[in-house]
Amino acid sequence: MDTVMNLSRSVPLSVTTQGLIVGALVGALSYLLLKKRYRLPPGPRSIPLLGNILSMGSKTEAFYVTLDRWAREIYGPVILIYFGPIPCVTLNNERVINEALVEKSTDFAGRPFLHSFEVMLEGPSNIIFA
């Protein structure tokens with residue numbers, strides 16, 4: 001608290017600047033305290049706004065090879081990855097794919113429409129995003 005007081009004495013802050021600082025602090029604190037906590041599958045830590053783009057694939061390893069390695073060595077057959085700010089769950093073995101798409105198909109029926117996926121796949125009929 002003394003540091004803030006010393007800063008306010010050395011750098012004059014207008015009422016508008018003080019209001020913005022207080023508002024940003026209150027907003028960040030309320031977001032951290034009130035955000036919903038979901039039971040999500042494990043996955044690599046993501047970078048805000050970028051997601052896991054920097055950790056997926058490389059010049060020497062393709063994206064699907066990275067997912068397979070993560071499934072075998074680190075996270076298991078169900079992995080949560082982020083494409084930017086959008087969470088995506090990947091299923092990496094036959095048993096969990098069958099469970100999700102056949103046994104619990106109604107639970108997994110609603111998926112968001114992403115225009116970028118339709119453009120990449122030249123239409124919405126690809127099995128990868130079914």
# chains A, B, ... in the order shown; residues from 1 in each chain; ligands from 1

$ residues_around --residues "range 77-86 of chain A" --least-positions-apart "4" --cutoff "6 Å" --atoms "only C-alpha atoms" --output "short mmCIF file (atom, residue, chain, number, x, y, z; two decimals) with C-alpha atoms, in the first residue's frame"
data_model
loop_
_atom_site.label_atom_id
_atom_site.label_comp_id
_atom_site.auth_asym_id
_atom_site.auth_seq_id
_atom_site.Cartn_x
_atom_site.Cartn_y
_atom_site.Cartn_z
CA PRO A 41 -10.21 -33.09 -19.71
CA PRO A 42 -6.47 -32.57 -19.25
CA GLY A 43 -4.40 -30.79 -21.84
CA LEU A 49 -5.89 -15.46 -27.30
CA LEU A 50 -3.44 -17.82 -29.05
CA GLY A 51 -4.39 -21.07 -27.36
CA ASN A 52 -2.10 -24.01 -28.08
CA ALA A 71 -2.23 -39.03 -25.84
CA THR A 90 -9.78 -34.46 -29.15
CA LEU A 91 -10.52 -38.19 -28.87
CA ASN A 92 -7.51 -40.38 -29.51
CA ASN A 93 -8.53 -44.03 -29.39
#

$ atom_distance --atom1 "CA of Arg95 in chain A" --atom2 "CA of Gly110 in chain A"
20.9 Å

$ atom_distance --atom1 "CA of Leu32 in chain A" --atom2 "CA of Pro48 in chain A"
14.3 Å
